[in-house]
Every structure is written in C-alpha cells, then in structure tokens.
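A.B. asks: Take a look at this one; I'll ask things after.
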Amino acid sequence: MDKNEILKRANDYISAEKDEKFKKEVEELVKKEDFKELEDRFYQTLEFGTGGLRGIMGGGTNRMNTLEINLATQGLANYVIKAFPQKAKEGSLSAVIAYDSRNNSDVFAEATALIFAANGIKAYLFSGLRPTPELSFAIRYFKADTGVVVTASHNPKIYNGYKAYWNDGAQVTEPHDTGIIEEVNKVQSVKTISKEEAINSGKLVLIDSEVDEQYWQMCKAQLFRPELIKEYASNVNVVYTPLHGTGAMHVEKVLGDLGLHVNTVPEQRNPDGNFPTVEKPNPEEKPAMKMAVELGKKENADCVMATDPDSDRFGTAFPDKNGEFVLLSGNQMGALLMEYIFLSRKEFGKLPQGSYCVRSIVTSPFGDEICKKYGVEMIECLTGFKWIAAVEAEREAKNQGEYVFGLEESYGYKIEKEVMDKDGVSAAAMCAEMTMYWRSKGKSLLEHLDDMYKEYGYFEDRSISKNFPGIEGVSVMKGIMSKLRTDGLKTLGGKKVLKIRDIQTSVSYDPNSPDKKEAVSLPKSNVLQFFLEGGTIVSARPSGTEPKIKFYINTKTEVGGAKCDGCLKATKEEASKLCDAIEKDINKILDDASK
C-alpha cells in the first residue's frame, strides 16, 4: 500500500478516535514512521461480519477500539429502529449489554450502552462482567429487541470482540446479519450521551443480581435427579478453573447449591484480561488445563472442569484407573451428555416423538449413532452456535418437534431452551449430575465412554490449525482453499475420497465424476468436506475470527466393531494410525502453501 494512503488513513483515524489511549498509539507510529505496523493497522477496516467484530485491540481501522465499537453500535441501533418502527415511535425499544474479563471490555460495553441510550433505545447494562450465556438469557428475560456481549471468547489476550444478538436471544442470522452490516457500513456520525445523562433519563439501567438469580435457577432446573444429587454430592470432589474469566461466581454458585465441593484453582479464579497463567484461555488447549489437572491430582478430584473467559465453552478431565487425568474432547463430552440427556428424558417420559438434536457439520457423527438408538432426529448445521439456535427457532416457529440438545466439537453444548447459545455453566451442572449417575451404577465416566464405544463403534477426532497473519496470510488461506477446490483430493491418509462437499458452492460430488453434482441445502460458507472410504470425514475451514485455517478429522469404525476390551484397544490403535496418516498429508498441504 502507498505510504501516502497509509498516512491519510492514519490521520483520518486520529481525527475521529475520541479514546486517547488508542489515538496516542497511532500518533506514535506516525511519528516514528513505522509504515510496516501502520500498514497492518490500516490496510483494511475491521469487518463487521455476520457475528459482529473480533480482532486485535489497538488503534487503527483494522483493530478493535472504541471508534470501531461506536460505529458498529450506531449501525446496529439504526437497524433496530428500522426493524421495529412502532416500538421506536413509542420509545419502547431496549437492548442488553454484557462483557467479559478482557482488557477494555468494560470500556467498550459502556460505550455501546451510551450509544443505544442516545438513540432512544433503553440499555440494560450489567454492572460487572457476566457470561455470554447469561446475556442471551437476559435478552429473553427483559424481552429486549437486541443485545451485545463484548468478548473474544477463547482467543489470546490481545483480542477482543463484539457479538450482536437479536430479540430471540440468539446471535444475529439472516436477514438481520446482512441488514446490520449494511447499516454499519453507512454510518457517518455517532450519537452518544454521558453516563449521568443516560441514567437520569432512564435510558441506562444497571442490572445484576435480579438476572443472576433467575439464570442460576434455570441452570439447576435442567437437571433430572435431585435425590441422586443429594445422595452423592458430598462424596464428589470437583476441581474447577474459570481461566481468569467470568465463570467463578456462576459455576461455584450452581454447583455449590447442588451440594458439591468445588475447589477453584486459586491462581486462575480472579478475572484478569492479561490471562497471566495461560497463553490461550481455551479449555480445548492442553496447556490451559495444566494447573487444574495438577490441582485435581493433589485433591484426588473426581472431575476437573473449565470454562473459557466468557463461560460459553466447557472442558473436562477425569482420572483413569491409575489416577492419571484424561482430557475429554468436545466430541466425547458431547456424546456423553447427549446420551445421558436422552436416557434420562426417556426414563421420565420427556423424550416425545419428533425430538431432535442439532450439531455442526464439523462435529463427530458419534452423536448420530446415539440419536438412532433413541429415535431422535439429528440435524446438521454450519459451524457456530447461532446456526444451532437458528434451527431451533425455525422448528419452534413451525411447531416441528422438540429440541433436546445441541452441540459442536469446540466444547459447546446447549442443554436448555432459555439460552439461545452454548452455555458452559449449565453444562457443568449437567456433567456433575451425569458423573454422579454413572457412579451410582458403579462406573466412572471414562469406563462408561468405553462402553459407548463398544455399543456404537469407536470415534476418534483431531484438529489441525495453522496461523497465517497479516495481508499475506489472507492471500495464503484463500490460495489453499482455491487449490483444494480446483485440484480436489483423491486420497487422504491412504484412504480414497468418495465424496467432496463444498458448502461455498452448495454442491457435493464424487471426485472421480465431478460433473455429477448434488445440491447441498446449507447456507453458503467457506468449508470443504472430504468423505473417505470407511466413514472418516475431513473438513477444511478458514476461521471467521482468527487468522488461521483449520482442518477437522472425524474417524469412525463400524458399529459393533469393538465389542471386547482387547478389540477396543486394537481399534483405537488403528484409528490413531489413520489420524496420523491424514494429519501428515494435511501438514504437507499447509507446508507447501507456506513456501
């Protein structure tokens, strides 16, 4: 990019940004003539996508800062006013705003609330940090028209984000997502008022305990066996980490009310946007679970639990027969929760005909086999919980069946109907009850998981990701996906590719007969899936929130292929070898693209 153009964009930003901290960053870069850094900050404007904003914090148009937050909120406010003209005329529009423990989250959340208030939209702002699922719950509780949570979920500390929600408590989807983007792109000026003025006018209301109590009660109401909990809770020892996020108050409260003894990792209990004990505050990452597992061993815990900074993701580890803790994948915990919910609902007459479950396309088909056993329909959707919520909302509107569970491989589970997003707090409560249930049957969760493999077949999953930051990275990732589409893949890990499903072009086909195509009935998304002989599925997907591309491997054996302990061990070894071979091929693709 031309240096004069970079300087023009930088100076325009300096003139528009009212936050002195972010403004000063850019002024210093201009003064030092650091054009490499300036180019990265200004080569594009941080895009308000279908889920909102997410990016590295700092001054610049390609960064998360107060100016970008203000522009996004003004656009969202404009769209809401147009969407509900009668309520706008009456002055009865409202929004709920929450934020997590990340640096600047409180600043961004207050700025958001004040812009809503200035535009005549009553803003319910949480007085302190709260989980993302509670934001979804609060939108429905207040019957609000929209909502925002300021969070970058599990991303490293340099990131922050802004997620927009609609009046059903779910993240915005079509047509609202594209409509909001259009309004954001048209914003020329922003309306805002002081906090004092907003409170005095009644357009800003601070909220906290009245919503907390209702949310906690709802989480506990999802459970099936209160008598079992009373009997076993005092003997179950839980170690928990909120990873410096929002979860401590909520998980400790809900599990404590159930009578469970919760040992929270002391070094990770307090909210801290610098995440001093972890590089990535993500329960998917083994290093992030290290301190919790160490405390679990010390305390002889029955279960280790973790939530990410905004408490929508839920991770676990359980001790094996040797006392070594085994980290469960999102797919494994999802399958365990699904089966427990189904068998419990069936036992209590709460699994009616027409019940359905929803999973993302990159989530293991393990759950499909469980659904077949219990007569539950499994529905696929795009990656991201807003799509799971969209399926539920559409079916509810048409009175098509009963929603019973939703999951995605990235440690996301939705048990309740009152929250239209994944919820790590309610998942923690259900996991605790499930642990006690199988203990009452003389089994640990790991032992029961092996029993499930023997019944349904063995499933192993892996993910491979590689970061490609900056301008060059965007080009490299586009090149990888373009090459995969153009050249296809005939084999992976020594297995033939039987079918390619291209969600972007809405077709699937046999790579040996590419002219014979079938339609794919999913919204367009930049995802490619390769279906291999033997049932393994490999998916390629650039991240929508980070500068990386991700490959998902879902292996599968035939049902009943592991009926004995020895057979299961051999099957696991075979699946691991296949994953190794596929991973080797994928890494070659990534390495070649990096050259």
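Chain labels follow the order of the structure tokens: the first chain is A, the next B, and so on; residue numbering restarts at 1 in every chain, and ligands are counted from 1 in their shown order.
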Write out as a PyMOL selection string the residues lying within 10 Å of Lys195 of chain A, counting only C-alpha atoms and excluding same-chain residues fewer than 3 positions away.
C.D. replies: chain A and resi 110-111+113-114+117+192+198-201+203-204
A.B. asks: Go ahead and save the residues from that selection, with N, CA, C and O atoms, as a short mmCIF file (atom, residue, chain, number, x, y, z; two decimals), in the first residue's frame.
C.D. replies:
```
data_model
loop_
_atom_site.label_atom_id
_atom_site.label_comp_id
_atom_site.auth_asym_id
_atom_site.auth_seq_id
_atom_site.Cartn_x
_atom_site.Cartn_y
_atom_site.Cartn_z
N GLU A 110 -19.63 -0.05 28.01
CA GLU A 110 -20.28 1.22 28.40
C GLU A 110 -20.49 2.12 27.19
O GLU A 110 -21.55 2.76 27.05
N ALA A 111 -19.51 2.18 26.30
CA ALA A 111 -19.67 2.98 25.08
C ALA A 111 -20.86 2.49 24.27
O ALA A 111 -21.65 3.29 23.74
N ALA A 113 -23.55 0.89 25.44
CA ALA A 113 -24.78 1.23 26.15
C ALA A 113 -25.16 2.70 25.95
O ALA A 113 -26.35 3.03 25.76
N LEU A 114 -24.17 3.58 25.98
CA LEU A 114 -24.45 5.01 25.86
C LEU A 114 -24.92 5.39 24.45
O LEU A 114 -25.73 6.31 24.28
N ALA A 117 -28.54 4.32 24.31
CA ALA A 117 -29.34 5.28 25.07
C ALA A 117 -29.55 6.58 24.29
O ALA A 117 -30.65 7.13 24.26
N THR A 192 -24.11 9.88 20.97
CA THR A 192 -23.82 9.35 22.30
C THR A 192 -24.14 10.40 23.34
O THR A 192 -24.31 11.59 23.01
N ALA A 198 -27.64 9.51 30.74
CA ALA A 198 -28.35 8.28 30.36
C ALA A 198 -29.09 7.67 31.55
O ALA A 198 -30.24 7.23 31.42
N ILE A 199 -28.43 7.66 32.72
CA ILE A 199 -29.08 7.10 33.92
C ILE A 199 -30.24 7.98 34.36
O ILE A 199 -31.34 7.49 34.66
N ASN A 200 -30.04 9.29 34.37
CA ASN A 200 -31.10 10.21 34.81
C ASN A 200 -32.31 10.18 33.91
O ASN A 200 -33.45 10.37 34.36
N SER A 201 -32.08 9.92 32.63
CA SER A 201 -33.21 9.86 31.68
C SER A 201 -33.92 8.51 31.69
O SER A 201 -34.98 8.36 31.07
N LYS A 203 -32.72 5.84 30.40
CA LYS A 203 -32.33 5.07 29.22
C LYS A 203 -31.15 4.14 29.48
O LYS A 203 -30.79 3.33 28.63
N LEU A 204 -30.52 4.26 30.64
CA LEU A 204 -29.47 3.32 31.04
C LEU A 204 -29.83 2.76 32.41
O LEU A 204 -29.99 3.52 33.38
#
```
A.B. asks: Give me the residues within 10 Å of Ser440 of chain A as a PyMOL selection string, counting only C-alpha atoms and dropping any in the same chain fewer than 3 places off.
C.D. replies: chain A and resi 228+231-232+434-437+443-444
A.B. asks: List every residue of segment 7-191 of chain A that DSSP, applied to the backbone of this structure, assigns to strand (DSSP E or B), and report them as number ranges by chain.
C.D. replies: A: 49, 52-57, 64, 94-99, 122-126, 146-150, 159-166, 171
A.B. asks: Looking at A:Leu568, A:Ala593, A:Ala540, A:Ile81, which one is nearest to Val474 of chain A, with distances taken over only C-alpha atoms?
C.D. replies: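 Comparing A:Leu568, A:Ala593, A:Ala540, A:Ile81 against Val474 of chain A, the winner is A:Ala593.
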A.B. asks: May I have a table of the residues of segment 329-391 of chain A lying at most 12 Å from segment 41-61 of chain A, giving each one's closest pair of atoms and their distance in Å to one decimal, counting only C-alpha atoms, ordered by chain and ascending residue number, as CSV?
C.D. replies:
```
residue,atom,partner,partner_atom,distance
A:Thr383,CA,A:Gly51,CA,11.9
A:Gly384,CA,A:Gly51,CA,9.3
A:Phe385,CA,A:Gly51,CA,10.4
A:Lys386,CA,A:Gly51,CA,8.4
A:Trp387,CA,A:Gly51,CA,10.8
```
A.B. asks: Pick out the residues sitting within 8 Å of segment 389-403 of chain A, and hand them over as a PyMOL selection string; count only C-alpha atoms, and ignore anything fewer than 5 positions along from it in its own chain.
C.D. replies: chain A and resi 170+173+352-358+381+417+420-421
